[in-house]
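Pasting my_file08.tsv here (TSV, C-alpha atoms and all ligand atoms):
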```tsv
chain	number	residue	atom	x	y	z
O	176	MET	CA	0.00	0.00	0.00
O	177	GLU	CA	1.14	3.55	-0.71
O	178	LEU	CA	0.49	4.81	2.80
O	179	PHE	CA	0.79	8.55	2.23
O	180	LYS	CA	-1.45	8.31	-0.82
O	181	ALA	CA	-4.05	6.40	1.19
O	182	MET	CA	-3.77	9.02	3.94
O	183	SER	CA	-4.10	11.96	1.61
O	184	ASP	CA	-6.98	10.43	-0.39
O	185	LYS	CA	-9.21	10.29	2.69
O	186	ALA	CA	-7.55	13.04	4.77
O	187	TYR	CA	-6.00	11.01	7.59
O	188	GLU	CA	-4.00	13.04	10.09
O	189	ALA	CA	-1.65	10.39	11.46
O	190	VAL	CA	-0.85	6.71	11.65
O	191	HIS	CA	1.28	5.46	14.54
O	192	PHE	CA	3.05	2.11	14.65
O	193	PHE	CA	4.16	0.66	17.98
O	194	HIS	CA	6.36	-2.26	18.92
O	195	ASP	CA	7.34	-3.45	22.38
O	196	ALA	CA	10.00	-6.17	22.41
O	197	GLU	CA	9.33	-7.27	25.97
O	198	THR	CA	5.59	-8.02	25.58
O	199	GLY	CA	5.43	-8.69	21.82
O	200	LEU	CA	3.08	-5.73	21.27
O	201	ARG	CA	2.54	-4.81	17.63
O	202	ALA	CA	-0.09	-2.11	17.33
O	203	ILE	CA	-1.29	0.51	14.89
O	204	ILE	CA	-3.21	3.63	15.90
O	205	ALA	CA	-4.87	5.43	13.01
O	206	ILE	CA	-6.07	8.97	13.65
O	207	HIS	CA	-8.42	10.17	10.96
O	208	ASP	CA	-9.57	13.58	12.11
O	209	THR	CA	-9.33	15.61	15.33
O	210	THR	CA	-11.17	18.75	14.21
O	211	PHE	CA	-13.91	18.29	16.81
O	212	GLY	CA	-11.72	16.80	19.55
O	213	PRO	CA	-9.47	13.86	20.40
O	214	ALA	CA	-9.92	10.81	18.22
O	215	LEU	CA	-12.01	8.20	20.04
O	216	GLY	CA	-12.28	4.66	18.77
O	217	GLY	CA	-11.99	1.15	20.07
O	218	ALA	CA	-8.98	-1.14	20.11
O	219	ARG	CA	-9.34	-4.29	18.01
O	220	ALA	CA	-7.10	-7.18	18.97
O	221	LEU	CA	-6.82	-10.14	16.63
O	222	SER	CA	-4.26	-12.85	15.99
O	223	THR	CA	-5.75	-13.56	12.59
O	224	TYR	CA	-4.70	-10.59	10.45
O	225	ALA	CA	-3.23	-12.13	7.29
O	226	ASN	CA	-0.45	-9.55	7.32
O	227	GLU	CA	0.47	-6.04	8.43
O	228	GLU	CA	-1.28	-4.44	5.48
O	229	ALA	CA	-4.58	-6.13	6.39
O	230	ALA	CA	-4.27	-4.72	9.93
O	231	LEU	CA	-3.45	-1.27	8.59
O	232	VAL	CA	-6.37	-1.29	6.14
O	233	ASP	CA	-8.71	-2.26	8.99
O	234	ALA	CA	-7.38	0.54	11.23
O	235	LEU	CA	-7.70	3.16	8.49
O	236	ARG	CA	-11.22	2.13	7.44
O	237	LEU	CA	-12.52	1.97	11.00
O	238	ALA	CA	-10.88	5.25	12.10
O	239	ARG	CA	-12.60	7.21	9.33
O	240	GLY	CA	-15.93	5.63	10.24
O	241	MET	CA	-15.49	6.90	13.80
O	242	THR	CA	-15.02	10.49	12.59
O	243	TYR	CA	-18.36	10.29	10.79
O	244	LYS	CA	-20.14	8.63	13.69
O	245	ALA	CA	-18.91	11.09	16.32
O	246	ALA	CA	-19.53	14.13	14.11
O	247	LEU	CA	-23.08	13.12	13.20
O	248	ALA	CA	-23.83	12.44	16.88
O	249	GLY	CA	-22.61	15.98	17.64
O	250	LEU	CA	-19.88	14.78	20.00
O	251	PRO	CA	-16.79	16.92	20.69
O	252	LEU	CA	-14.61	14.10	19.41
O	253	GLY	CA	-12.72	13.03	16.35
O	254	GLY	CA	-12.25	9.62	14.81
O	255	GLY	CA	-9.53	7.06	15.38
O	256	LYS	CA	-9.09	3.35	15.82
O	257	SER	CA	-6.37	0.98	16.88
O	258	VAL	CA	-5.57	-2.57	15.94
O	259	ILE	CA	-3.32	-4.91	17.84
O	260	MET	CA	-1.79	-7.87	16.04
O	261	LEU	CA	-1.78	-10.38	18.88
O	262	PRO	CA	1.18	-12.80	19.07
O	263	LYS	CA	0.40	-16.26	17.71
O	264	THR	CA	2.44	-17.84	20.55
O	265	PRO	CA	1.55	-17.69	24.31
O	266	PHE	CA	1.98	-14.20	25.80
O	267	ASP	CA	1.24	-12.17	28.94
O	268	ARG	CA	-2.00	-10.45	27.93
O	269	ALA	CA	-2.11	-7.98	30.83
O	270	ALA	CA	1.49	-6.88	30.21
O	271	LEU	CA	0.85	-6.47	26.49
O	272	PHE	CA	-2.20	-4.29	27.03
O	273	THR	CA	-0.38	-2.19	29.63
O	274	ALA	CA	2.39	-1.67	27.07
O	275	PHE	CA	-0.32	-0.62	24.63
O	276	GLY	CA	-1.57	1.85	27.25
O	277	ARG	CA	1.93	3.36	27.43
O	278	ALA	CA	1.93	3.63	23.63
O	279	ILE	CA	-1.38	5.54	23.76
O	280	GLU	CA	0.02	7.78	26.50
O	281	SER	CA	3.01	8.65	24.32
O	282	ILE	CA	0.79	10.42	21.79
O	283	GLY	CA	-0.45	12.78	24.44
O	284	GLY	CA	-4.24	12.39	24.43
O	285	ARG	CA	-4.86	12.76	20.70
O	286	TYR	CA	-6.28	9.23	20.75
O	287	ILE	CA	-8.65	7.73	23.33
O	288	THR	CA	-9.27	4.02	23.25
O	289	ALA	CA	-12.19	1.76	24.22
O	290	GLU	CA	-13.32	-1.86	23.97
O	291	ASP	CA	-13.89	-3.41	20.52
O	292	SER	CA	-13.82	-6.81	18.81
O	293	GLY	CA	-11.33	-9.03	20.58
O	294	THR	CA	-10.86	-6.81	23.63
O	295	SER	CA	-12.57	-6.88	27.01
O	296	THR	CA	-13.14	-4.65	30.03
O	297	GLU	CA	-10.21	-6.51	31.68
O	298	ASP	CA	-7.99	-5.44	28.78
O	299	MET	CA	-9.20	-1.83	29.31
O	300	ASP	CA	-8.14	-2.13	32.96
O	301	SER	CA	-4.67	-3.26	31.81
O	302	ILE	CA	-4.50	-0.35	29.36
O	303	ARG	CA	-5.50	2.00	32.20
O	304	ARG	CA	-2.25	1.10	33.99
O	305	GLY	CA	-0.37	2.73	31.11
O	306	THR	CA	-2.64	5.65	30.25
O	307	SER	CA	-5.67	7.62	31.37
O	308	HIS	CA	-6.87	7.91	27.76
O	309	VAL	CA	-9.24	4.94	27.89
O	310	VAL	CA	-13.03	4.80	28.27
O	311	GLY	CA	-15.60	2.03	28.52
O	312	LEU	CA	-14.44	0.82	31.91
O	313	ALA	CA	-16.68	-1.34	34.10
O	314	LYS	CA	-19.23	0.51	36.28
O	315	SER	CA	-17.48	-0.91	39.37
O	316	ARG	CA	-14.35	1.01	38.30
O	317	GLY	CA	-16.14	4.31	37.74
O	318	GLY	CA	-16.82	3.67	34.05
O	319	SER	CA	-20.05	3.71	32.06
O	320	GLY	CA	-20.41	-0.09	31.80
O	321	ASP	CA	-22.02	-2.00	28.94
O	322	PRO	CA	-22.92	0.44	26.13
O	323	SER	CA	-25.33	-1.98	24.40
O	324	PRO	CA	-28.58	-0.83	26.09
O	325	PHE	CA	-27.77	2.73	24.97
O	326	THR	CA	-27.14	1.52	21.44
O	327	ALA	CA	-30.51	-0.25	21.56
O	328	PHE	CA	-32.23	2.92	22.78
O	329	GLY	CA	-30.68	4.92	19.92
O	330	VAL	CA	-31.93	2.34	17.39
O	331	LEU	CA	-35.40	2.58	18.92
O	332	ARG	CA	-35.28	6.37	18.47
O	333	GLY	CA	-34.24	5.82	14.84
O	334	ILE	CA	-37.18	3.47	14.31
O	335	GLN	CA	-39.53	6.02	15.89
O	336	ALA	CA	-38.32	8.74	13.53
O	337	VAL	CA	-38.70	6.50	10.48
O	338	ALA	CA	-42.13	5.35	11.66
O	339	LYS	CA	-43.26	8.96	12.05
O	340	PHE	CA	-41.76	10.44	8.88
O	341	SER	CA	-41.95	7.56	6.42
O	342	LEU	CA	-44.74	5.36	7.73
O	343	GLY	CA	-47.03	8.10	9.05
O	344	ARG	CA	-47.30	6.63	12.52
O	345	SER	CA	-47.39	8.60	15.74
O	346	ASP	CA	-46.51	5.55	17.85
O	347	LEU	CA	-45.22	2.01	17.46
O	348	GLU	CA	-48.41	0.21	18.53
O	349	GLY	CA	-48.82	-2.78	16.22
O	350	LEU	CA	-45.67	-1.93	14.23
O	351	LYS	CA	-44.28	-5.15	12.76
O	352	VAL	CA	-40.53	-5.46	13.34
O	353	SER	CA	-38.16	-8.30	12.45
O	354	ILE	CA	-34.84	-8.44	14.30
O	355	LEU	CA	-31.86	-10.37	12.99
O	356	GLY	CA	-29.63	-11.13	16.00
O	357	VAL	CA	-30.99	-10.85	19.52
O	358	GLY	CA	-27.68	-10.36	21.34
O	359	HIS	CA	-26.39	-7.48	23.45
O	360	VAL	CA	-28.19	-4.88	21.32
O	361	GLY	CA	-30.93	-6.88	19.58
O	362	PHE	CA	-32.46	-8.20	22.78
O	363	PRO	CA	-32.81	-4.88	24.65
O	364	LEU	CA	-34.07	-3.36	21.40
O	365	ALA	CA	-36.73	-6.08	21.22
O	366	ARG	CA	-37.71	-5.32	24.80
O	367	LEU	CA	-38.00	-1.58	24.15
O	368	LEU	CA	-40.08	-2.25	21.03
O	369	LYS	CA	-42.32	-4.62	22.94
O	370	GLU	CA	-42.88	-1.91	25.57
O	371	GLN	CA	-44.01	0.37	22.74
O	372	GLY	CA	-46.54	-2.21	21.52
O	373	ALA	CA	-44.63	-3.50	18.49
O	374	GLU	CA	-45.10	-7.03	17.14
O	375	LEU	CA	-41.81	-8.94	16.94
O	376	TRP	CA	-40.20	-11.62	14.79
O	377	VAL	CA	-36.65	-12.72	15.63
O	378	ALA	CA	-33.92	-14.93	14.23
O	379	ASP	CA	-30.53	-15.79	15.64
O	380	ILE	CA	-27.99	-18.57	15.12
O	381	ASN	CA	-28.00	-18.94	18.90
O	382	ASP	CA	-31.13	-20.95	19.82
O	383	GLU	CA	-30.88	-19.91	23.46
O	384	SER	CA	-31.16	-16.21	22.51
O	385	VAL	CA	-34.20	-16.93	20.33
O	386	ARG	CA	-35.89	-18.88	23.13
O	387	ARG	CA	-35.32	-16.01	25.54
O	388	ALA	CA	-36.95	-13.55	23.13
O	389	GLN	CA	-39.88	-15.94	22.71
O	390	ASP	CA	-40.31	-16.62	26.42
O	391	GLU	CA	-39.73	-13.13	27.80
O	392	LEU	CA	-41.10	-10.97	25.00
O	393	GLY	CA	-43.51	-13.15	23.09
O	394	ALA	CA	-41.47	-12.74	19.90
O	395	LYS	CA	-42.10	-15.19	17.05
O	396	ALA	CA	-39.10	-17.28	16.01
O	397	VAL	CA	-38.19	-17.51	12.33
O	398	PRO	CA	-35.31	-19.34	10.59
O	399	THR	CA	-32.43	-16.92	9.98
O	400	SER	CA	-32.63	-17.32	6.21
O	401	ASP	CA	-36.38	-16.49	6.14
O	402	LEU	CA	-36.29	-13.38	8.32
O	403	PRO	CA	-35.34	-10.83	5.62
O	404	GLY	CA	-38.31	-12.00	3.52
O	405	LEU	CA	-40.98	-11.26	6.13
O	406	ASP	CA	-43.73	-8.78	5.32
O	407	VAL	CA	-42.96	-6.34	8.13
O	408	ASP	CA	-42.71	-2.59	8.59
O	409	VAL	CA	-39.13	-2.54	9.84
O	410	PHE	CA	-36.28	-5.01	9.37
O	411	ALA	CA	-33.63	-4.49	12.07
O	412	PRO	CA	-30.25	-6.11	11.30
O	413	CYS	CA	-28.54	-6.48	14.70
O	414	ALA	CA	-26.07	-9.29	13.98
O	415	LEU	CA	-23.18	-8.90	11.54
O	416	GLY	CA	-22.52	-6.38	8.76
O	417	GLY	CA	-23.56	-6.90	5.13
O	418	SER	CA	-27.18	-7.98	5.80
O	419	ILE	CA	-28.35	-6.02	2.76
O	420	ASN	CA	-26.74	-7.85	-0.13
O	421	ASP	CA	-27.52	-9.49	-3.47
O	422	GLN	CA	-29.13	-12.50	-1.77
O	423	THR	CA	-31.36	-10.65	0.71
O	424	LEU	CA	-32.38	-7.66	-1.45
O	425	PRO	CA	-34.78	-9.52	-3.75
O	426	MET	CA	-36.42	-11.09	-0.67
O	427	LEU	CA	-37.08	-7.86	1.23
O	428	ARG	CA	-40.72	-6.95	1.80
O	429	CYS	CA	-40.13	-4.50	4.66
O	430	LYS	CA	-40.78	-0.77	4.39
O	431	ALA	CA	-37.63	0.27	6.23
O	432	VAL	CA	-34.26	-1.09	7.38
O	433	VAL	CA	-33.19	0.27	10.79
O	434	GLY	CA	-30.73	-1.73	12.87
O	435	SER	CA	-27.59	-1.65	14.97
O	436	ALA	CA	-25.17	-3.67	12.84
O	437	ASN	CA	-22.23	-1.78	11.37
O	438	ASN	CA	-21.95	-1.64	7.57
O	439	GLN	CA	-25.39	-3.13	6.86
O	440	LEU	CA	-25.11	-2.32	3.16
O	441	LEU	CA	-22.63	-4.82	1.78
O	442	GLU	CA	-21.80	-2.31	-0.96
O	443	GLU	CA	-22.91	1.24	-1.70
O	444	ARG	CA	-24.99	0.01	-4.65
O	445	HIS	CA	-27.18	-1.96	-2.25
O	446	GLY	CA	-28.34	1.37	-0.81
O	447	VAL	CA	-29.28	2.48	-4.33
O	448	GLU	CA	-31.27	-0.75	-4.73
O	449	LEU	CA	-33.13	-0.15	-1.46
O	450	GLN	CA	-34.15	3.31	-2.67
O	451	LYS	CA	-35.33	1.88	-6.02
O	452	ARG	CA	-37.54	-0.55	-4.13
O	453	GLY	CA	-38.98	2.25	-1.97
O	454	ILE	CA	-37.38	0.88	1.20
O	455	VAL	CA	-36.14	3.53	3.64
O	456	TYR	CA	-32.62	2.96	4.96
O	457	ALA	CA	-31.53	4.46	8.29
O	458	PRO	CA	-27.76	5.12	8.15
O	459	ASP	CA	-26.24	2.54	10.51
O	460	TYR	CA	-23.61	4.84	11.96
O	461	LEU	CA	-26.32	7.31	12.97
O	462	VAL	CA	-28.79	4.96	14.62
O	463	ASN	CA	-26.14	2.79	16.33
O	464	ALA	CA	-24.25	5.73	17.84
O	465	GLY	CA	-25.77	5.28	21.32
O	466	GLY	CA	-22.90	3.11	22.54
O	467	LEU	CA	-20.32	5.64	21.36
O	468	ILE	CA	-22.30	8.48	22.93
O	469	ASN	CA	-22.37	6.60	26.22
O	470	VAL	CA	-18.63	5.84	26.41
O	471	ALA	CA	-17.76	9.31	25.09
O	472	LEU	CA	-19.37	10.86	28.15
O	473	GLU	CA	-16.74	9.15	30.31
O	474	VAL	CA	-14.12	11.52	28.91
O	475	ASP	CA	-15.41	14.46	31.01
O	476	GLY	CA	-17.12	12.49	33.78
O	477	TYR	CA	-19.94	10.08	33.05
O	478	ASP	CA	-23.53	11.35	33.25
O	479	GLU	CA	-26.22	8.76	32.45
O	480	LYS	CA	-29.00	11.35	32.12
O	481	LYS	CA	-27.02	13.29	29.53
O	482	SER	CA	-26.26	10.06	27.73
O	483	ARG	CA	-29.96	9.25	27.41
O	484	GLU	CA	-30.69	12.78	26.18
O	485	LEU	CA	-28.03	12.57	23.48
O	486	CYS	CA	-29.15	9.08	22.45
O	487	SER	CA	-32.72	10.33	22.31
O	488	ALA	CA	-31.62	13.10	19.93
O	489	ILE	CA	-30.85	10.42	17.33
O	490	TYR	CA	-34.58	10.77	16.58
O	491	ASP	CA	-34.15	14.43	15.58
O	492	THR	CA	-31.10	13.79	13.41
O	493	MET	CA	-32.81	10.85	11.71
O	494	TYR	CA	-35.94	12.91	11.07
O	495	MET	CA	-33.94	15.84	9.67
O	496	ILE	CA	-32.00	13.48	7.37
O	497	LEU	CA	-35.24	11.94	6.08
O	498	GLU	CA	-36.63	15.41	5.37
O	499	ARG	CA	-33.49	16.44	3.50
O	500	ALA	CA	-33.33	13.16	1.59
O	501	LYS	CA	-36.93	13.56	0.47
O	502	ALA	CA	-36.47	17.19	-0.52
O	503	GLU	CA	-33.31	16.40	-2.51
O	504	GLY	CA	-34.46	13.05	-3.92
O	505	SER	CA	-31.37	11.60	-2.30
O	506	ARG	CA	-30.65	8.62	-0.05
O	507	PRO	CA	-30.44	9.02	3.75
O	508	GLU	CA	-26.91	7.60	3.92
O	509	VAL	CA	-25.72	10.06	1.26
O	510	VAL	CA	-27.30	12.98	3.13
O	511	ALA	CA	-25.75	11.78	6.41
O	512	ASP	CA	-22.25	11.68	4.89
O	513	ARG	CA	-22.73	15.10	3.38
O	514	ILE	CA	-23.87	16.63	6.69
O	515	VAL	CA	-20.69	15.33	8.34
O	516	GLU	CA	-18.49	16.61	5.52
O	517	GLU	CA	-20.17	20.03	5.67
O	518	ARG	CA	-19.73	20.20	9.46
O	519	LEU	CA	-16.07	19.24	9.18
O	520	ALA	CA	-15.37	21.69	6.37
O	521	SER	CA	-16.92	24.64	8.20
O	522	ALA	CA	-15.19	23.77	11.50
O	523	LYS	CA	-11.83	23.50	9.71
O	524	LYS	CA	-12.46	26.83	8.01
O	525	ALA	CA	-13.35	28.48	11.32
O	526	LYS	CA	-10.16	27.05	12.88
O	527	ALA	CA	-8.04	28.30	10.01
O	528	ILE	CA	-9.45	31.83	10.42
O	529	ALA	CA	-9.01	31.86	14.24
H	601	LIG	P1	-23.71	-9.71	19.98
H	601	LIG	O1	-22.60	-10.60	19.55
H	601	LIG	O2	-24.03	-9.58	21.42
H	601	LIG	O3	-25.06	-10.09	19.23
H	601	LIG	C1	-25.09	-10.49	17.90
H	601	LIG	C2	-26.14	-11.59	17.82
H	601	LIG	O4	-26.24	-11.95	16.45
H	601	LIG	C3	-25.75	-12.84	18.59
H	601	LIG	O5	-26.85	-13.27	19.37
H	601	LIG	C4	-25.38	-13.85	17.50
H	601	LIG	O6	-25.69	-15.17	17.86
H	601	LIG	C5	-26.23	-13.37	16.35
H	601	LIG	N1	-25.71	-13.72	15.04
H	601	LIG	C6	-24.43	-13.72	14.62
H	601	LIG	N2	-24.36	-14.09	13.33
H	601	LIG	C7	-25.62	-14.30	12.94
H	601	LIG	C8	-26.19	-14.69	11.71
H	601	LIG	N3	-25.45	-14.93	10.64
H	601	LIG	N4	-27.54	-14.82	11.65
H	601	LIG	C9	-28.31	-14.58	12.74
H	601	LIG	N5	-27.82	-14.21	13.92
H	601	LIG	C10	-26.49	-14.07	14.02
H	601	LIG	O7	-23.34	-8.28	19.35
H	601	LIG	P2	-24.01	-6.90	19.72
H	601	LIG	O8	-23.14	-6.17	20.69
H	601	LIG	O9	-25.44	-7.09	20.03
H	601	LIG	O10	-23.87	-6.12	18.34
H	601	LIG	C11	-24.72	-6.41	17.25
H	601	LIG	C12	-24.30	-5.55	16.06
H	601	LIG	O11	-24.40	-4.16	16.40
H	601	LIG	C13	-22.85	-5.76	15.62
H	601	LIG	O12	-22.78	-5.60	14.23
H	601	LIG	C14	-22.12	-4.64	16.29
H	601	LIG	O13	-20.94	-4.27	15.59
H	601	LIG	C15	-23.14	-3.53	16.22
H	601	LIG	N6	-22.97	-2.50	17.24
H	601	LIG	C16	-23.01	-2.84	18.55
H	601	LIG	C17	-22.88	-1.84	19.51
H	601	LIG	C18	-22.94	-2.15	20.99
H	601	LIG	O14	-23.09	-1.22	21.79
H	601	LIG	N7	-22.87	-3.40	21.38
H	601	LIG	C19	-22.67	-0.50	19.12
H	601	LIG	C20	-22.65	-0.19	17.75
H	601	LIG	C21	-22.80	-1.21	16.82
```

Here is the file; what I need is its structure written in the form of structure tokens.
Ligand code: NAD
Amino acid sequence: MELFKAMSDKAYEAVHFFHDAETGLRAIIAIHDTTFGPALGGARALSTYANEEAALVDALRLARGMTYKAALAGLPLGGGKSVIMLPKTPFDRAALFTAFGRAIESIGGRYITAEDSGTSTEDMDSIRRGTSHVVGLAKSRGGSGDPSPFTAFGVLRGIQAVAKFSLGRSDLEGLKVSILGVGHVGFPLARLLKEQGAELWVADINDESVRRAQDELGAKAVPTSDLPGLDVDVFAPCALGGSINDQTLPMLRCKAVVGSANNQLLEERHGVELQKRGIVYAPDYLVNAGGLINVALEVDGYDEKKSRELCSAIYDTMYMILERAKAEGSRPEVVADRIVEERLASAKKAKAIA
């Protein structure tokens, strides 16, 4: 990869590479943009990166996504991400993550880390021994705890905005919703929807999770492969990315897609296809921002009430995006990206003048 070309193409500010001989740490911190504040983004730790370039590509892609997510949520934060290439041989995990904490400390607060795929709250505790620039600690350690219920609440607010603007409903009573994946986000989302009177269909590869949704919430169980084809109002992908793809698109009979999974559109063209079919798409990085909002509030002292207020405001942003998309004949995800780019451009301009 031509690194500087990749950085200049998408306006990355910095990429840091760290190595610690004693613990075997090999880590990359990508900082996309710090116009609105320090770059916040989780630390991914995997032993399965095919090579260094694969790790770098992951860090770059994810860091840029964080800029967009934080900016659209109105947070005073930028976007960054880190990846750790875990040793393939036995290693001292706590020592490695503490070394990673020292690496974060060395860049002086421009990057703040958090939990992500392959890392745990214990790892965050280890990082904390090397730096204070870490959020998403356990509640027992003064942190904000599990962000998933806040993510679920934000998705609910997204569904409410879509229901109001696009489906002409003032409440969710009788709204038919299918949820793919009833895990940390999907299950609390199902519960919130149930409280609002929605009718639920769920699918999950984990039978236990499906049973729980049936028993506790009265949800109807559907085979995973059939769920996208249900005649519902809202399809909520809450499992893995890429749920909207060439296989599922022709099956879809929903009126809207609103879920927590990252990168729900396998490719950009799948968003175009949704629009052609008259299916409303809620930009994933807008409606799933609740978890980020919640951990972000740890930076200046956690406040649960404020977190709920900011998550609730996802409704207003979603509604405004739907209005703009309709007025411009555009797609919600295109409008969302443009709003972020406009906000960044005007903030950079204001900084340059100051
Ligand atoms: P999770 O692992 O707790 O839940 C995912 C669920 O999906 C699990 O129950 C799993 O069994 C199921 N699943 C996995 N593959 C499946 C498949 N092919 N078909 C059907 N079910 C499948 O994860 P989570 O924390 O609930 O996150 C769900 C999605 O939301 C992920 O894409 C995640 O990146 C995204 N997200 C989560 C948060 C958060 O706060 N947890 C924040 C933003 C985005």

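In this model, the gap between CA of Gly240 (chain O) and CA of Ala327 (chain O) comes to 19.4 Å.
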
Subject >> Residues within 8 Å of ligand LIG 601 (chain H), counting only C-alpha atoms and all ligand atoms, as an NGL selection string >> reply: :O and (321-327 or 355-362 or 378-381 or 384 or 399-400 or 412-416 or 434-438 or 460 or 463-467)

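The neighbours of Phe211 (chain O) here are the residues that come within 6 Å of it, using only C-alpha atoms and leaving out any residue fewer than 6 positions away in the same chain; they are Pro251, Leu252 and Gly253 of chain O.
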
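Proximity to Ile468 (chain O) was assessed for O:Leu261, O:Leu350, O:Met495, O:Leu250 counting only C-alpha atoms; the smallest distance is recorded for O:Leu250.
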
Original post:
Do you know which residues are at most 10 Å from Leu461 (chain O) counting all atoms listed in the file, after dropping those on the same chain fewer than 6 positions away, and could you put them as a ChimeraX atom specification?
Top reply: /O:243-248,329-330,333,435,489-490,492-493,508,511

Original post:
By how many Å are CA of Ala238 (chain O) and CA of Glu448 (chain O) apart?
Top reply: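 That distance, rounded to one decimal, is 27.1 Å.
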
**OP:** Check the smallest atom-to-atom distance from each of O:Phe410, O:Phe340, O:Tyr477, O:Phe275 to Lys501 (chain O) using only C-alpha atoms, then report the winner.
**Re:** O:Phe340

**OP:** Quick one: pull the distance between CA of Ala289 (chain O) and CA of Gly249 (chain O), Å, one decimal.
**Re:** 18.8 Å

Subject >> Residue among O:Ala529, O:Leu402, O:Ile496, O:Ala186 lying closest to Thr242 (chain O), counting only C-alpha atoms >> reply: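 Ranking O:Ala529, O:Leu402, O:Ile496, O:Ala186 by distance to Thr242 (chain O), first place goes to O:Ala186.
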
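Of the listed residues (O:Ala269, O:Leu485, O:Leu368, O:Leu441), O:Leu368 comes nearest to Gln335 (chain O); the distances count all atoms listed in the file.
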
Subject >> Ala218 (chain O) environment, 6 Å, all atoms listed in the file, sequence neighbours closer than 5 positions dropped, as a list in words >> reply: Ser257, Val258, Ala289, Glu290 and Asp291 of chain O

Original post:
Which of these residues is nearest to Val515 (chain O), using all atoms listed in the file: O:Arg239, O:Arg201, O:Arg316, O:Lys351?
Top reply: O:Arg239

Original post:
Which one of O:Arg304, O:Lys430, O:Lys263, O:Arg366 sits closest to Leu342 (chain O) if you count all atoms listed in the file?
Top reply: O:Lys430

**OP:** Find the spatial neighbours of Asp346 (chain O), counting only C-alpha atoms, within a cut-off of 10 Å - ignore same-chain residues fewer than 2 positions away - and output them as a ChimeraX atom specification.
**Re:** /O:335-336,338-339,343-344,348-350,371-373

For the residues selected in the previous step, produce a file with C-alpha atoms as a compact mmCIF listing (two decimals), in the coordinates of the input.
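Resulting contents of out.txt:
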```txt
# COMPACT_ATOMS: atom_id res chain seq x y z
CA GLN O 335 -39.53 6.02 15.89
CA ALA O 336 -38.32 8.74 13.53
CA ALA O 338 -42.13 5.35 11.66
CA LYS O 339 -43.26 8.96 12.05
CA GLY O 343 -47.03 8.10 9.05
CA ARG O 344 -47.30 6.63 12.52
CA GLU O 348 -48.41 0.21 18.53
CA GLY O 349 -48.82 -2.78 16.22
CA LEU O 350 -45.67 -1.93 14.23
CA GLN O 371 -44.01 0.37 22.74
CA GLY O 372 -46.54 -2.21 21.52
CA ALA O 373 -44.63 -3.50 18.49
```

Box centre and edge lengths (Å, one decimal), axis-aligned, region 270-279 of chain O plus 6 Å each side, as AutoDock Vina command-line options:
```
--center_x 0.1 --center_y -0.7 --center_z 26.9 --size_x 16.6 --size_y 24.4 --size_z 18.6
```

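All residues of protein, DNA or RNA that reach within 7 Å of Ser319 (chain O), judged by only C-alpha atoms and not counting those fewer than 2 positions away in the chain, are O:Gly311, O:Leu312, O:Ala313, O:Lys314, O:Gly317, O:Asp321, O:Asn469, O:Val470, O:Glu473, O:Tyr477.
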
So that I can look at just that part, could you write region 331-338 of chain O with N, CA, C and O atoms, as a compact mmCIF listing (two decimals), in the first residue's frame?
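The file below, selection.txt, is the result:
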```
# COMPACT_ATOMS: atom_id res chain seq x y z
N LEU O 331 -33.96 2.36 18.72
CA LEU O 331 -35.40 2.58 18.92
C LEU O 331 -35.79 3.99 18.47
O LEU O 331 -36.80 4.17 17.76
N ARG O 332 -34.96 4.98 18.85
CA ARG O 332 -35.28 6.37 18.47
C ARG O 332 -35.24 6.53 16.94
O ARG O 332 -36.04 7.26 16.36
N GLY O 333 -34.31 5.81 16.31
CA GLY O 333 -34.24 5.82 14.84
C GLY O 333 -35.51 5.23 14.25
O GLY O 333 -36.09 5.77 13.29
N ILE O 334 -35.95 4.12 14.81
CA ILE O 334 -37.18 3.47 14.31
C ILE O 334 -38.38 4.42 14.51
O ILE O 334 -39.23 4.55 13.62
N GLN O 335 -38.41 5.10 15.64
CA GLN O 335 -39.53 6.02 15.89
C GLN O 335 -39.56 7.15 14.86
O GLN O 335 -40.63 7.54 14.39
N ALA O 336 -38.37 7.65 14.52
CA ALA O 336 -38.32 8.74 13.53
C ALA O 336 -38.77 8.25 12.16
O ALA O 336 -39.54 8.93 11.46
N VAL O 337 -38.31 7.06 11.78
CA VAL O 337 -38.70 6.50 10.48
C VAL O 337 -40.20 6.21 10.47
O VAL O 337 -40.90 6.48 9.48
N ALA O 338 -40.70 5.67 11.58
CA ALA O 338 -42.13 5.35 11.66
C ALA O 338 -42.97 6.62 11.49
O ALA O 338 -43.98 6.63 10.79
```
